[in-house]
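Chemist: Below are the structure tokens for one structure; questions will follow.
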Amino acid sequence: MIRVRIAPSPTGYLHVGTARTALFNYLFARKEGGVFILRIEDTDIKRSSQEMVDVILDSLTWLGLEWDEGPYFQSKRFDIYRKYAEKLVSEGKAYYCYCTPEEIKERKEKVQKQGKAWKYDRRCLHLTDEERRKFEEEGRPKAIRFLVPEGKTDFDDLIHGKIERENQDIEDFVLIKSDGTPGYNFSVVIDDHEMEITHVIRGDDHISNTPKQILVYRALGWNEPAFAHVPLILGQDRSKLSKRHGAVAVSYYRDQGILPEAFVNFLALLGWSPGEDREIFSMDELIKVFSLERVGKKPAIFDINKLLWMNQEYIRKLDNDELVERIIPYLKMSGLIGDEFDRDYISRVVHLMKERLQTLRDLEKIGYYYFKDDFDYDPKGLKKRIYLGVEKRLEMVIEELEKIDVWNEKACEDVVRSIADKEGCKAGEIIHPIRLGISGMTFGPGLFELMELLGKTRVINRLKRFVEFLRKEEDH
Ligand code: GLU
């Protein structure tokens, strides 16, 4: 039975990289009929909180990465870690360390001044009984350090192949810190063993930790799981994806109107490739085709434009009603609609704008005029489309529009064209100013469709406001 896990540290958000690793674990588990486990690595009590955990659970749920077991919390398992650490001490495979951070710092600086690399100098491994008793009497806090044996440690990584490390390059790392909390390389082993993890799939940045963890498995007489280290995600400049590149929190992308299914599809292609040109995959399709063999060694680049392109593809494929349901919360968030709204009207807006939407939030930027009347006019548009005498023509338009009984696309078009004829000008010379006047923008859907949807009163009032605005501008 395959058992995998994702083990985020609660830092206040789910990092894009962690989400991608979670997805790979999830796909592997689902494909193999295995179990996907969630473990919260909240050993740093001061920096963790329920609120932070909730953000992580929300983001995983939003992505559809349902876990089968957990969440387990490391903070509730400190007794277990201590028990195993004491066992190692009693077997001579670990030892107490009474060194204070200041003492270590002092010795470290001395060594480094001589141009040598520092590694814990095993001072406490060689304490006399007398020294130890003295420290105990003083009540000095003590850590537990692992006694790294001689030799070398190797493992077969499912992605990178054989990886080998000389043990002499590994310092006697801390299993339990002097404040009683476990070190990452220890608690992770205890938990992966107790939770019967068969495959550890995680980021490349942990490769250097793996030999340490393997040493702990072997010291405790346990078999280690298989390891698969997946490539890191880099920003466009090929440095590790970080806040410098923009947002790294999954929740940010949700707030920006990215669809979870698009985000999942996008994440899947960061480091894994299907071996064909195709790029659009649903979760079910990913589960069918995913394999660790097709995860590359090279880092993946996070390309925001590709994400937006993909999101647009997913929006286009969505059924209209479904799209309306998904857009409504964003309209509310932006204040464009309140608790009461006209669903039918929104549905018509969405129908008209669907092809232009890259995110669920885009109406805020390119469709605010469907919902509010007091917008500004694009200054570039004013420069380009407004000419001497345009007010007079707009007034003629207003007059004719007022006469329309059955307000629709065709009736609006007839008015505009007949006035252009009468004036002996191109229809565009009237169409562009009208668009600017009723939307504030220079682009959008077909003007006459837009007029029909906005309705007679709104169009006429907006044109009147525009004429007034233009007159005032002229007076200046
Ligand atoms: N808490 C670790 C992290 O977030 C987990 C690493 C692992 O999967 O072992 O990087």
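In the structure tokens, each chain is lettered A, B, ... as it comes, each chain's residues begin at 1, and ligands are numbered from 1 in order of appearance.
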Got a sec: who's within 12 Å of Lys76 in chain A, counting only C-alpha atoms, leaving out chain neighbours fewer than 6 positions off, as a list in words?

Modeler: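 Using only C-alpha atoms, the neighbours found are Arg39, Ile40, Glu41, Asp42, Thr43, Asp44, Ile45, Thr181, Pro182, Ser187 and Asp191 of chain A.
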
Chemist: Store the residues picked out above, limited to C-alpha atoms, as a JSON list (two decimals), in the first residue's frame.

Modeler:
[["chain", "number", "residue", "atom", "x", "y", "z"],
["A", 39, "ARG", "CA", 1.00, 16.58, 8.49],
["A", 40, "ILE", "CA", 1.52, 20.04, 9.91],
["A", 41, "GLU", "CA", 5.14, 20.61, 10.90],
["A", 42, "ASP", "CA", 4.45, 23.14, 13.63],
["A", 43, "THR", "CA", 7.44, 22.48, 15.83],
["A", 44, "ASP", "CA", 8.16, 26.18, 16.04],
["A", 45, "ILE", "CA", 5.39, 26.87, 18.51],
["A", 181, "THR", "CA", 11.31, 20.92, 20.57],
["A", 182, "PRO", "CA", 12.54, 18.44, 17.94],
["A", 187, "SER", "CA", 10.78, 14.53, 13.83],
["A", 191, "ASP", "CA", 6.70, 10.61, 11.76]]

Chemist: Mind listing the residues within 9 Å of ligand 1, only C-alpha atoms and all ligand atoms counted, as a PyMOL selection string?

Modeler: chain A and resi 5-10+18+21+39-42+184-185+188-189+192+200-203+205-206+209-210

Chemist: Which of these residues is nearest to Lys410 in chain A, using only C-alpha atoms: A:Met396, A:Ala268, A:Leu447, A:Ala249?

Modeler: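 Counting only C-alpha atoms, the residue closest to Lys410 in chain A is A:Leu447.
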
Chemist: Could you name the residues that touch Ala94 in chain A at 12 Å or less, counting only C-alpha atoms, but leaving out those on the same chain fewer than 6 positions away, as a VMD selection string?

Modeler: chain A and resid 82 84 to 88 122 124 to 125 143 to 149 172 to 176 186 215 to 216 219 to 220

Chemist: Can you tell me which residues surround Leu382 in chain A at a distance of at most 10 Å, considering only C-alpha atoms, apart from same-chain residues fewer than 2 positions away, and format the answer as a list of chain:residue names?

Modeler: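 Everything that qualifies: A:Tyr377, A:Asp378, A:Pro379, A:Lys380, A:Lys384, A:Arg385, A:Ile386, A:Tyr387, A:His432, A:Pro433, A:Leu436, A:Gly437, A:Gly440, A:Met441, A:Thr442, A:Leu470.
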
Chemist: Between A:Leu57, A:Ala226, A:Gly151, A:Pro71, single out the one closest to Arg3 in chain A, counting only C-alpha atoms.

Modeler: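 Under the stated criterion, the closest residue is A:Ala226.
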
Chemist: So how many Å separate CA of Ser90 in chain A and CA of Glu224 in chain A, to one decimal?

Modeler: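 CA of Glu224 in chain A lies 22.1 Å from CA of Ser90 in chain A.
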
Chemist: Just checking: using only C-alpha atoms, which residue out of A:Ile190, A:Ile2, A:Val289, A:Ala427 ends up closest to Ile37 in chain A?

Modeler: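 Answer, going by the shortest atom-to-atom distance: A:Ile2.
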
Chemist: Could you state the separation of CA of Arg107 in chain A and CA of Tyr120 in chain A in Å, given to one decimal place?

Modeler: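 These two atoms are separated by 9.2 Å.
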
Chemist: Between CA of Lys383 in chain A and CA of Glu400 in chain A, what distance in Å does the model show, to one decimal?

Modeler: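 Atom-to-atom, CA of Lys383 in chain A and CA of Glu400 in chain A are spaced 26.2 Å apart.
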
Chemist: Give one line per residue of range 308-392 of chain A that approaches range 463-467 of chain A to at most 9 Å, naming the two atoms of the closest pair and their distance in Å to one decimal, counting only C-alpha atoms; sort by chain then ascending residue number and deliver it as a Markdown table.

Modeler:
| residue | atom | partner | partner_atom | distance |
| --- | --- | --- | --- | --- |
| A:Tyr377 | CA | A:Phe466 | CA | 8.9 |
| A:Val390 | CA | A:Val467 | CA | 8.6 |
| A:Glu391 | CA | A:Val467 | CA | 5.6 |
| A:Lys392 | CA | A:Val467 | CA | 8.6 |

Chemist: Can I get the selection written as an mmCIF file, in the first residue's frame, with all heavy atoms?

Modeler:
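Produced file selection34.cif, reproduced below:
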data_model
loop_
_atom_site.group_PDB
_atom_site.id
_atom_site.type_symbol
_atom_site.label_atom_id
_atom_site.label_comp_id
_atom_site.auth_asym_id
_atom_site.auth_seq_id
_atom_site.Cartn_x
_atom_site.Cartn_y
_atom_site.Cartn_z
ATOM 1 N N TYR A 377 -13.056 59.008 -17.754
ATOM 2 C CA TYR A 377 -12.854 58.696 -19.172
ATOM 3 C C TYR A 377 -11.366 58.506 -19.428
ATOM 4 O O TYR A 377 -10.547 59.305 -18.950
ATOM 5 C CB TYR A 377 -13.407 59.833 -20.034
ATOM 6 C CG TYR A 377 -14.852 60.151 -19.694
ATOM 7 C CD1 TYR A 377 -15.185 61.318 -19.008
ATOM 8 C CD2 TYR A 377 -15.876 59.270 -20.038
ATOM 9 C CE1 TYR A 377 -16.498 61.598 -18.673
ATOM 10 C CE2 TYR A 377 -17.197 59.539 -19.708
ATOM 11 C CZ TYR A 377 -17.505 60.707 -19.024
ATOM 12 O OH TYR A 377 -18.795 60.969 -18.686
ATOM 13 N N VAL A 390 -17.804 67.426 -31.602
ATOM 14 C CA VAL A 390 -18.345 66.095 -31.305
ATOM 15 C C VAL A 390 -19.573 66.188 -30.393
ATOM 16 O O VAL A 390 -20.502 65.397 -30.493
ATOM 17 C CB VAL A 390 -17.254 65.174 -30.701
ATOM 18 C CG1 VAL A 390 -16.951 65.560 -29.270
ATOM 19 C CG2 VAL A 390 -17.679 63.708 -30.770
ATOM 20 N N GLU A 391 -19.586 67.216 -29.523
ATOM 21 C CA GLU A 391 -20.734 67.357 -28.610
ATOM 22 C C GLU A 391 -22.034 67.492 -29.390
ATOM 23 O O GLU A 391 -23.051 66.916 -29.027
ATOM 24 C CB GLU A 391 -20.601 68.584 -27.704
ATOM 25 C CG GLU A 391 -19.411 68.612 -26.799
ATOM 26 C CD GLU A 391 -18.248 69.354 -27.425
ATOM 27 O OE1 GLU A 391 -18.074 69.263 -28.670
ATOM 28 O OE2 GLU A 391 -17.514 70.020 -26.677
ATOM 29 N N LYS A 392 -21.955 68.286 -30.461
ATOM 30 C CA LYS A 392 -23.169 68.519 -31.254
ATOM 31 C C LYS A 392 -23.686 67.181 -31.814
ATOM 32 O O LYS A 392 -24.862 66.879 -31.760
ATOM 33 C CB LYS A 392 -22.865 69.499 -32.400
ATOM 34 C CG LYS A 392 -24.103 70.224 -32.907
ATOM 35 C CD LYS A 392 -23.808 71.007 -34.174
ATOM 36 C CE LYS A 392 -24.213 70.236 -35.419
ATOM 37 N NZ LYS A 392 -23.295 70.030 -36.467
#

Chemist: For Ser48 in chain A, which of A:Ser291, A:His15, A:Gln74, A:Val416 is the closest residue, counting only C-alpha atoms?

Modeler: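 Closest to Ser48 in chain A of all the choices is A:Gln74.
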